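K.L.:
First, the structure itself, so that you have it in front of you.
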Amino acid sequence: MRALATAVAVAIAAAGPAPGASPGQEATPSVQDTTAAAVAGRGTGGQVVSGARLDELTRRVASKLRCVICQGLSIEDSPSELAQQMKAVVREQLAAGRTPEEVERYFVRTYGEWVLLEPEPTGFNLAVYLLPVLALLAGATVVVVAVKRWTRTPDERVAADSPEA
Amino acid sequence: MSWSRAIVGALVVLPVVMLFAFGLTRDPRAMPTTLPGRTAPDFELVRMPLDGGATGSDARADTVRLSTHRGDVVVVNFWASWCLPCRTEHAALTDVARAYRDRGVRFYGVLYEDSPSNARRWLDEMGGVSYPILLDPGARTAIDYGLTGVPETVFIGPDGRVSHKQVGPVTSQILVDRIEALLPAEASS
């Protein structure tokens with residue numbers, strides 16, 4: 001079901017970009033600030049991570065972020081230079097102590113909600129998650145009604161077709 | 001019976017048709033941007049020596065920090081020598097930058113995914129440039145500005161907020177209109 005929802009999300013995203021986050025008043029902390037924090041060895045939010053844990057977190061976050069110059073690829077899967085540079089930013093920010101959620105929020109602030117391969121299930125985005133379920137339910141209802149009709153015995157068919165008066 | 005079927009069919013089909021109709025009202029090529037209205041992300045970037053020499057001994061003189069330009073109108077153009085549309089906008093950028101230099105408008109070019117030697121060769125071929133070119137290793141500033149390709153041009157007001165991001169080449173008209181809208185009324189009259 002989740003895979004179906006993702007497929008519909010990708011289809012809707014391909015049809016047109018989702019509205020970006022509304023312009024906030026807060027200044028976006030720059031990548032350079034984060035890099036400085038990493039060099040200084042201090043975290044800004046979560047626990048400072050390194051090694052295999054950092055690789056795993058980087059992979060997890062990067063697979064949720066859209067490559068902005070590709071068609072439906074995450075920055076984890078895209079070989080493009082910009083995607084690899086975005087992935088390096090993800091790694092730097094995680095190494096600096098930001099949580100995966102904070103890193104995602106940075107990219108949403110920078111590129112808009114469109115950068116998320118799976119949009120947040122709120123507001124209009126809910127359609128992406130609910131429509132596949134509703135479509136499945138409608139399809140199942142049609143199939144059940146059709147099968148019932150096709151498997152009626154001749155007597156039932158006559159009774160159903162004959163006028164009640 | 002047929003009426004109820006028609007109503008059920010319409011109830012199923014109409015929302016889908018409306019969803020597709022909504023999609024048709026949007027430009028699939030339009031790139032979303034969250035920058036306008038926000039404080040421009042600060043950067044500190046090294047100037048590219050235009051004569052091919054190494055950066056000078058005074059590292060401070062060779063770097064540009066955006067936050068030191070608070071109070072000025074700043075135009076930041078992301079470009080590369082391999083970018084074909086950058087050729088079409090280069091003359092406009094150079095001319096308008098020269099025309100507005102005395103009115104406190106700062107122009108900066110930020111080199112994106114390119115080598116300084118290629119950039120210098122390209123600038124020589126294009127007849128030079130009238131504003132500093134900055135180097136952005138790892139495209140960190142480009143990502144801070146939500147870059148999706150080149151050229152892109154960001155207009156920053158005296159309050160430090162981004163007023164507009166132009167995706168694709170700019171023209172003289174676009175540059176002048178956007179700059180005039182940011183300059184104080186008395187200065188632009």
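Ligands are numbered from 1 in the order shown, residues from 1 within each chain, and chains are lettered A, B, ... in the order they appear in the structure tokens.
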Give me, as a PyMOL selection string, the contact residues of chain B against chain A at a cut-off of 9 Å, counting only C-alpha atoms.
P.N.:
chain B and resi 12+20+23-24+26-44+113+138-141+143-149
K.L.:
Extract, using only C-alpha atoms, all DNA, RNA and protein residues at most 6 Å from range 69-84 of chain B, discarding same-chain residues fewer than 6 positions from it, and format them as a list in words.
P.N.:
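The filter keeps Gly104, Val105, Arg106, Phe107, Tyr108, Gly109, Val110, Leu111, Tyr112, Asp114, Ala119, Trp122, Val150, Pro151, Glu152, Thr153, Val154, Phe155, Ile156, Gly157, Pro158 and Gly160 of chain B.
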K.L.:
Could the residues in this selection be saved with N, CA, C and O atoms as a compact mmCIF listing (two decimals), in the first residue's frame?
P.N.:
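For reference, selection-v1.txt as written:
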```txt
# COMPACT_ATOMS: atom_id res chain seq x y z
N GLY B 104 25.31 52.19 -5.80
CA GLY B 104 25.41 51.27 -4.66
C GLY B 104 24.84 49.89 -4.90
O GLY B 104 24.50 49.19 -3.94
N VAL B 105 24.72 49.53 -6.15
CA VAL B 105 24.23 48.18 -6.44
C VAL B 105 25.43 47.27 -6.68
O VAL B 105 26.29 47.58 -7.50
N ARG B 106 25.50 46.19 -5.90
CA ARG B 106 26.64 45.26 -6.02
C ARG B 106 26.23 44.04 -6.85
O ARG B 106 25.19 43.45 -6.58
N PHE B 107 27.05 43.72 -7.79
CA PHE B 107 26.85 42.51 -8.59
C PHE B 107 27.95 41.50 -8.24
O PHE B 107 29.12 41.88 -8.15
N TYR B 108 27.56 40.24 -8.10
CA TYR B 108 28.54 39.18 -7.93
C TYR B 108 28.15 38.00 -8.82
O TYR B 108 26.97 37.63 -8.89
N GLY B 109 29.14 37.43 -9.46
CA GLY B 109 28.93 36.19 -10.19
C GLY B 109 29.48 35.06 -9.34
O GLY B 109 30.56 35.18 -8.77
N VAL B 110 28.72 33.99 -9.19
CA VAL B 110 29.21 32.83 -8.44
C VAL B 110 29.39 31.68 -9.43
O VAL B 110 28.43 31.27 -10.10
N LEU B 111 30.62 31.21 -9.53
CA LEU B 111 30.94 30.16 -10.48
C LEU B 111 30.43 28.82 -9.94
O LEU B 111 30.70 28.46 -8.80
N TYR B 112 29.70 28.11 -10.79
CA TYR B 112 29.06 26.86 -10.35
C TYR B 112 29.62 25.67 -11.14
O TYR B 112 29.55 25.65 -12.36
N ASP B 114 32.57 24.57 -12.04
CA ASP B 114 33.43 24.96 -13.15
C ASP B 114 34.82 25.28 -12.61
O ASP B 114 34.98 25.54 -11.42
N ALA B 119 36.61 29.38 -16.69
CA ALA B 119 35.83 30.60 -16.51
C ALA B 119 36.57 31.82 -17.08
O ALA B 119 35.97 32.67 -17.75
N TRP B 122 36.50 31.80 -20.83
CA TRP B 122 35.15 32.15 -21.29
C TRP B 122 34.93 33.68 -21.19
O TRP B 122 34.41 34.31 -22.10
N VAL B 150 21.93 26.39 -13.85
CA VAL B 150 22.43 27.74 -14.17
C VAL B 150 21.90 28.15 -15.55
O VAL B 150 21.67 27.26 -16.39
N PRO B 151 21.67 29.43 -15.78
CA PRO B 151 21.89 30.51 -14.83
C PRO B 151 20.70 30.72 -13.90
O PRO B 151 19.55 30.45 -14.28
N GLU B 152 20.99 31.20 -12.71
CA GLU B 152 19.95 31.69 -11.80
C GLU B 152 20.48 32.99 -11.17
O GLU B 152 21.68 33.08 -10.88
N THR B 153 19.58 33.94 -11.00
CA THR B 153 19.99 35.25 -10.48
C THR B 153 19.11 35.62 -9.30
O THR B 153 17.88 35.54 -9.39
N VAL B 154 19.75 36.02 -8.20
CA VAL B 154 19.02 36.35 -6.97
C VAL B 154 19.16 37.84 -6.72
O VAL B 154 20.26 38.39 -6.80
N PHE B 155 18.02 38.48 -6.44
CA PHE B 155 18.01 39.92 -6.15
C PHE B 155 17.78 40.10 -4.65
O PHE B 155 16.79 39.61 -4.11
N ILE B 156 18.71 40.81 -4.00
CA ILE B 156 18.65 40.98 -2.55
C ILE B 156 18.51 42.47 -2.24
O ILE B 156 19.27 43.30 -2.75
N GLY B 157 17.52 42.80 -1.41
CA GLY B 157 17.24 44.19 -1.09
C GLY B 157 18.16 44.73 -0.01
O GLY B 157 18.92 43.98 0.62
N PRO B 158 18.09 46.05 0.27
CA PRO B 158 18.94 46.66 1.31
C PRO B 158 18.69 46.05 2.69
O PRO B 158 19.56 46.11 3.56
N GLY B 160 18.45 42.99 3.26
CA GLY B 160 19.05 41.66 3.29
C GLY B 160 18.11 40.55 2.88
O GLY B 160 18.48 39.37 2.93
```
K.L.:
Run DSSP on the backbone and tell me which residues of chain B come out as alpha helix (DSSP H); list them as a short mmCIF file (atom, residue, chain, number, x, y, z; two decimals) with N, CA and C atoms, in the first residue's frame.
P.N.:
```
data_model
loop_
_atom_site.label_atom_id
_atom_site.label_comp_id
_atom_site.auth_asym_id
_atom_site.auth_seq_id
_atom_site.Cartn_x
_atom_site.Cartn_y
_atom_site.Cartn_z
N SER B 2 -30.71 3.94 -14.10
CA SER B 2 -29.68 4.57 -14.92
C SER B 2 -29.23 5.89 -14.29
N TRP B 3 -30.19 6.60 -13.64
CA TRP B 3 -29.83 7.87 -12.99
C TRP B 3 -28.88 7.64 -11.83
N SER B 4 -29.20 6.59 -11.03
CA SER B 4 -28.32 6.34 -9.88
C SER B 4 -26.93 5.92 -10.36
N ARG B 5 -26.89 5.14 -11.46
CA ARG B 5 -25.59 4.75 -12.02
C ARG B 5 -24.81 5.98 -12.49
N ALA B 6 -25.52 6.88 -13.14
CA ALA B 6 -24.86 8.09 -13.65
C ALA B 6 -24.30 8.93 -12.50
N ILE B 7 -25.09 9.02 -11.42
CA ILE B 7 -24.64 9.83 -10.26
C ILE B 7 -23.41 9.20 -9.62
N VAL B 8 -23.47 7.87 -9.45
CA VAL B 8 -22.31 7.18 -8.84
C VAL B 8 -21.08 7.35 -9.73
N GLY B 9 -21.29 7.18 -11.04
CA GLY B 9 -20.17 7.34 -11.99
C GLY B 9 -19.59 8.73 -11.93
N ALA B 10 -20.48 9.74 -11.86
CA ALA B 10 -20.00 11.13 -11.80
C ALA B 10 -19.23 11.38 -10.51
N LEU B 11 -19.72 10.82 -9.41
CA LEU B 11 -19.05 11.01 -8.12
C LEU B 11 -17.66 10.40 -8.11
N VAL B 12 -17.50 9.32 -8.87
CA VAL B 12 -16.19 8.67 -8.93
C VAL B 12 -15.26 9.41 -9.88
N VAL B 13 -15.81 9.78 -11.05
CA VAL B 13 -14.96 10.34 -12.11
C VAL B 13 -14.63 11.82 -11.87
N LEU B 14 -15.62 12.57 -11.37
CA LEU B 14 -15.43 14.02 -11.24
C LEU B 14 -14.21 14.42 -10.40
N PRO B 15 -14.02 13.84 -9.20
CA PRO B 15 -12.83 14.25 -8.43
C PRO B 15 -11.53 13.99 -9.17
N VAL B 16 -11.47 12.87 -9.89
CA VAL B 16 -10.25 12.55 -10.64
C VAL B 16 -10.03 13.57 -11.75
N VAL B 17 -11.12 13.88 -12.48
CA VAL B 17 -11.02 14.87 -13.56
C VAL B 17 -10.60 16.22 -12.99
N MET B 18 -11.18 16.59 -11.83
CA MET B 18 -10.83 17.89 -11.21
C MET B 18 -9.36 17.92 -10.80
N LEU B 19 -8.87 16.78 -10.30
CA LEU B 19 -7.46 16.70 -9.91
C LEU B 19 -6.55 16.90 -11.12
N PHE B 20 -6.90 16.24 -12.22
CA PHE B 20 -6.09 16.39 -13.44
C PHE B 20 -6.20 17.82 -13.98
N ALA B 21 -7.42 18.40 -13.90
CA ALA B 21 -7.62 19.77 -14.39
C ALA B 21 -6.76 20.74 -13.57
N PHE B 22 -6.68 20.49 -12.25
CA PHE B 22 -5.85 21.33 -11.38
C PHE B 22 -4.38 21.21 -11.80
N GLY B 23 -3.97 19.99 -12.14
CA GLY B 23 -2.59 19.77 -12.57
C GLY B 23 -2.28 20.52 -13.85
N LEU B 24 -3.29 20.65 -14.74
CA LEU B 24 -3.07 21.34 -16.02
C LEU B 24 -2.89 22.85 -15.83
N LEU B 84 25.08 27.24 -21.76
CA LEU B 84 24.79 28.00 -22.98
C LEU B 84 23.94 29.25 -22.72
N PRO B 85 22.85 29.16 -21.94
CA PRO B 85 22.04 30.37 -21.70
C PRO B 85 22.82 31.47 -21.00
N CYS B 86 23.93 31.10 -20.30
CA CYS B 86 24.72 32.14 -19.62
C CYS B 86 25.33 33.10 -20.63
N ARG B 87 25.55 32.61 -21.85
CA ARG B 87 26.10 33.47 -22.89
C ARG B 87 25.13 34.59 -23.25
N THR B 88 23.83 34.24 -23.27
CA THR B 88 22.84 35.22 -23.73
C THR B 88 22.64 36.34 -22.71
N GLU B 89 22.93 36.06 -21.43
CA GLU B 89 22.66 37.09 -20.41
C GLU B 89 23.92 37.86 -20.01
N HIS B 90 25.07 37.40 -20.45
CA HIS B 90 26.31 37.98 -19.94
C HIS B 90 26.43 39.48 -20.23
N ALA B 91 26.13 39.87 -21.48
CA ALA B 91 26.27 41.29 -21.84
C ALA B 91 25.34 42.16 -21.00
N ALA B 92 24.12 41.69 -20.79
CA ALA B 92 23.16 42.45 -20.00
C ALA B 92 23.66 42.63 -18.57
N LEU B 93 24.17 41.56 -17.98
CA LEU B 93 24.67 41.63 -16.60
C LEU B 93 25.83 42.62 -16.50
N THR B 94 26.77 42.52 -17.43
CA THR B 94 27.94 43.39 -17.40
C THR B 94 27.54 44.86 -17.59
N ASP B 95 26.66 45.11 -18.54
CA ASP B 95 26.24 46.50 -18.82
C ASP B 95 25.47 47.10 -17.64
N VAL B 96 24.51 46.34 -17.13
CA VAL B 96 23.67 46.88 -16.04
C VAL B 96 24.51 47.04 -14.77
N ALA B 97 25.41 46.10 -14.52
CA ALA B 97 26.28 46.22 -13.33
C ALA B 97 27.11 47.50 -13.41
N ARG B 98 27.62 47.80 -14.61
CA ARG B 98 28.42 49.01 -14.81
C ARG B 98 27.55 50.25 -14.61
N ALA B 99 26.34 50.21 -15.15
CA ALA B 99 25.45 51.37 -15.08
C ALA B 99 25.01 51.68 -13.64
N TYR B 100 24.89 50.65 -12.81
CA TYR B 100 24.37 50.86 -11.45
C TYR B 100 25.47 50.88 -10.39
N PRO B 116 38.27 27.67 -12.53
CA PRO B 116 38.63 29.07 -12.77
C PRO B 116 39.28 29.28 -14.15
N SER B 117 40.08 28.32 -14.60
CA SER B 117 40.76 28.51 -15.90
C SER B 117 39.72 28.53 -17.03
N ASN B 118 38.74 27.62 -16.98
CA ASN B 118 37.68 27.64 -18.00
C ASN B 118 36.89 28.94 -17.93
N ALA B 119 36.61 29.38 -16.69
CA ALA B 119 35.83 30.60 -16.51
C ALA B 119 36.57 31.82 -17.08
N ARG B 120 37.88 31.88 -16.82
CA ARG B 120 38.67 33.02 -17.33
C ARG B 120 38.70 33.03 -18.85
N ARG B 121 38.87 31.83 -19.43
CA ARG B 121 38.90 31.74 -20.89
C ARG B 121 37.57 32.22 -21.48
N TRP B 122 36.50 31.80 -20.83
CA TRP B 122 35.15 32.15 -21.29
C TRP B 122 34.93 33.68 -21.19
N LEU B 123 35.38 34.25 -20.06
CA LEU B 123 35.20 35.69 -19.85
C LEU B 123 36.02 36.48 -20.88
N ASP B 124 37.23 36.00 -21.18
CA ASP B 124 38.04 36.66 -22.21
C ASP B 124 37.31 36.64 -23.54
N GLU B 125 36.75 35.49 -23.85
CA GLU B 125 36.03 35.33 -25.12
C GLU B 125 34.81 36.24 -25.17
N ARG B 140 28.38 24.73 -2.10
CA ARG B 140 27.65 24.90 -0.83
C ARG B 140 26.74 26.13 -0.84
N THR B 141 27.24 27.23 -1.40
CA THR B 141 26.40 28.43 -1.46
C THR B 141 25.25 28.22 -2.44
N ALA B 142 25.55 27.54 -3.55
CA ALA B 142 24.50 27.27 -4.54
C ALA B 142 23.36 26.48 -3.89
N ILE B 143 23.71 25.48 -3.08
CA ILE B 143 22.68 24.68 -2.40
C ILE B 143 21.94 25.52 -1.37
N ASP B 144 22.67 26.38 -0.66
CA ASP B 144 22.03 27.29 0.30
C ASP B 144 20.96 28.14 -0.39
N SER B 172 18.27 42.74 -19.76
CA SER B 172 18.51 44.07 -19.19
C SER B 172 17.24 44.60 -18.54
N GLN B 173 16.11 44.36 -19.20
CA GLN B 173 14.83 44.87 -18.69
C GLN B 173 14.50 44.26 -17.32
N ILE B 174 14.69 42.95 -17.23
CA ILE B 174 14.42 42.29 -15.94
C ILE B 174 15.34 42.85 -14.87
N LEU B 175 16.62 42.99 -15.20
CA LEU B 175 17.59 43.50 -14.22
C LEU B 175 17.21 44.89 -13.75
N VAL B 176 16.94 45.77 -14.71
CA VAL B 176 16.62 47.16 -14.36
C VAL B 176 15.34 47.23 -13.53
N ASP B 177 14.31 46.50 -13.96
CA ASP B 177 13.03 46.53 -13.23
C ASP B 177 13.21 46.05 -11.79
N ARG B 178 13.90 44.95 -11.64
CA ARG B 178 14.07 44.37 -10.29
C ARG B 178 14.93 45.26 -9.41
N ILE B 179 15.97 45.85 -9.99
CA ILE B 179 16.87 46.72 -9.20
C ILE B 179 16.14 48.00 -8.81
N GLU B 180 15.45 48.61 -9.77
CA GLU B 180 14.74 49.88 -9.49
C GLU B 180 13.70 49.67 -8.38
N ALA B 181 13.07 48.49 -8.37
CA ALA B 181 12.06 48.23 -7.35
C ALA B 181 12.68 48.14 -5.96
N LEU B 182 13.97 47.87 -5.90
CA LEU B 182 14.65 47.72 -4.60
C LEU B 182 15.35 48.99 -4.15
N ALA B 185 13.26 55.24 -3.16
CA ALA B 185 12.51 56.05 -4.13
C ALA B 185 13.30 57.27 -4.57
N GLU B 186 13.96 57.96 -3.61
CA GLU B 186 14.66 59.20 -3.97
C GLU B 186 15.86 58.93 -4.88
N ALA B 187 16.45 57.75 -4.68
CA ALA B 187 17.62 57.42 -5.49
C ALA B 187 17.23 56.98 -6.89
N SER B 188 16.02 56.40 -7.00
CA SER B 188 15.61 55.86 -8.29
C SER B 188 14.90 56.89 -9.15
#
```
K.L.:
Work out how far CA of Ser163 in chain B is from CA of Ser67 in chain B, in Å to one decimal.
P.N.:
16.0 Å
K.L.:
Run DSSP on the backbone and tell me which residues of range 39-129 of chain B come out as strand (DSSP E); list them as an mmCIF file with N, CA and C atoms, in the first residue's frame.
P.N.:
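So the final result, stored in result_17.cif, reads:
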```
data_model
loop_
_atom_site.group_PDB
_atom_site.id
_atom_site.type_symbol
_atom_site.label_atom_id
_atom_site.label_comp_id
_atom_site.auth_asym_id
_atom_site.auth_seq_id
_atom_site.Cartn_x
_atom_site.Cartn_y
_atom_site.Cartn_z
ATOM 1 N N GLU B 44 30.543 33.567 2.545
ATOM 2 C CA GLU B 44 31.865 34.182 2.494
ATOM 3 C C GLU B 44 32.650 33.400 1.453
ATOM 4 N N LEU B 45 32.867 34.022 0.305
ATOM 5 C CA LEU B 45 33.477 33.315 -0.826
ATOM 6 C C LEU B 45 34.713 34.059 -1.323
ATOM 7 N N VAL B 46 35.608 33.281 -1.865
ATOM 8 C CA VAL B 46 36.875 33.832 -2.380
ATOM 9 C C VAL B 46 36.655 34.367 -3.796
ATOM 10 N N ARG B 47 37.238 35.542 -4.057
ATOM 11 C CA ARG B 47 37.181 36.103 -5.411
ATOM 12 C C ARG B 47 38.066 35.304 -6.349
ATOM 13 N N THR B 63 38.199 37.909 -0.158
ATOM 14 C CA THR B 63 36.927 37.235 0.117
ATOM 15 C C THR B 63 35.805 38.271 0.171
ATOM 16 N N VAL B 64 34.618 37.773 -0.120
ATOM 17 C CA VAL B 64 33.432 38.636 -0.080
ATOM 18 C C VAL B 64 32.441 37.998 0.875
ATOM 19 N N ARG B 65 31.983 38.775 1.851
ATOM 20 C CA ARG B 65 30.963 38.284 2.769
ATOM 21 C C ARG B 65 29.695 39.086 2.523
ATOM 22 N N VAL B 73 21.763 47.105 -2.449
ATOM 23 C CA VAL B 73 21.080 46.130 -3.308
ATOM 24 C C VAL B 73 22.172 45.209 -3.865
ATOM 25 N N VAL B 74 21.956 43.908 -3.748
ATOM 26 C CA VAL B 74 22.954 42.946 -4.222
ATOM 27 C C VAL B 74 22.305 42.010 -5.246
ATOM 28 N N VAL B 75 22.999 41.806 -6.342
ATOM 29 C CA VAL B 75 22.546 40.876 -7.372
ATOM 30 C C VAL B 75 23.566 39.749 -7.463
ATOM 31 N N VAL B 76 23.118 38.532 -7.216
ATOM 32 C CA VAL B 76 24.029 37.379 -7.254
ATOM 33 C C VAL B 76 23.616 36.488 -8.424
ATOM 34 N N ASN B 77 24.557 36.309 -9.340
ATOM 35 C CA ASN B 77 24.286 35.513 -10.552
ATOM 36 C C ASN B 77 25.110 34.218 -10.503
ATOM 37 N N PHE B 78 24.425 33.092 -10.511
ATOM 38 C CA PHE B 78 25.112 31.792 -10.562
ATOM 39 C C PHE B 78 25.285 31.418 -12.034
ATOM 40 N N TRP B 79 26.496 31.064 -12.417
ATOM 41 C CA TRP B 79 26.770 30.798 -13.830
ATOM 42 C C TRP B 79 27.900 29.785 -13.993
ATOM 43 N N VAL B 105 24.725 49.530 -6.149
ATOM 44 C CA VAL B 105 24.231 48.175 -6.439
ATOM 45 C C VAL B 105 25.434 47.271 -6.676
ATOM 46 N N ARG B 106 25.498 46.190 -5.904
ATOM 47 C CA ARG B 106 26.636 45.255 -6.016
ATOM 48 C C ARG B 106 26.231 44.042 -6.845
ATOM 49 N N PHE B 107 27.055 43.715 -7.787
ATOM 50 C CA PHE B 107 26.853 42.507 -8.591
ATOM 51 C C PHE B 107 27.950 41.501 -8.243
ATOM 52 N N TYR B 108 27.555 40.240 -8.096
ATOM 53 C CA TYR B 108 28.539 39.176 -7.928
ATOM 54 C C TYR B 108 28.150 37.995 -8.816
ATOM 55 N N GLY B 109 29.145 37.430 -9.458
ATOM 56 C CA GLY B 109 28.926 36.190 -10.187
ATOM 57 C C GLY B 109 29.475 35.060 -9.340
ATOM 58 N N VAL B 110 28.724 33.988 -9.194
ATOM 59 C CA VAL B 110 29.207 32.829 -8.442
ATOM 60 C C VAL B 110 29.388 31.683 -9.434
ATOM 61 N N LEU B 111 30.620 31.214 -9.528
ATOM 62 C CA LEU B 111 30.941 30.158 -10.477
ATOM 63 C C LEU B 111 30.429 28.822 -9.939
#
```
K.L.:
Range 48-56 of chain A: which residues within 8 Å, counting only C-alpha atoms, same-chain residues fewer than 6 positions away excluded, as a VMD selection string?
P.N.:
chain A and resid 42 91 94 to 98
K.L.:
For CA of Arg59 in chain A and CA of Ser74 in chain A, determine how far apart the two atoms are, in Å to one decimal place.
P.N.:
10.2 Å
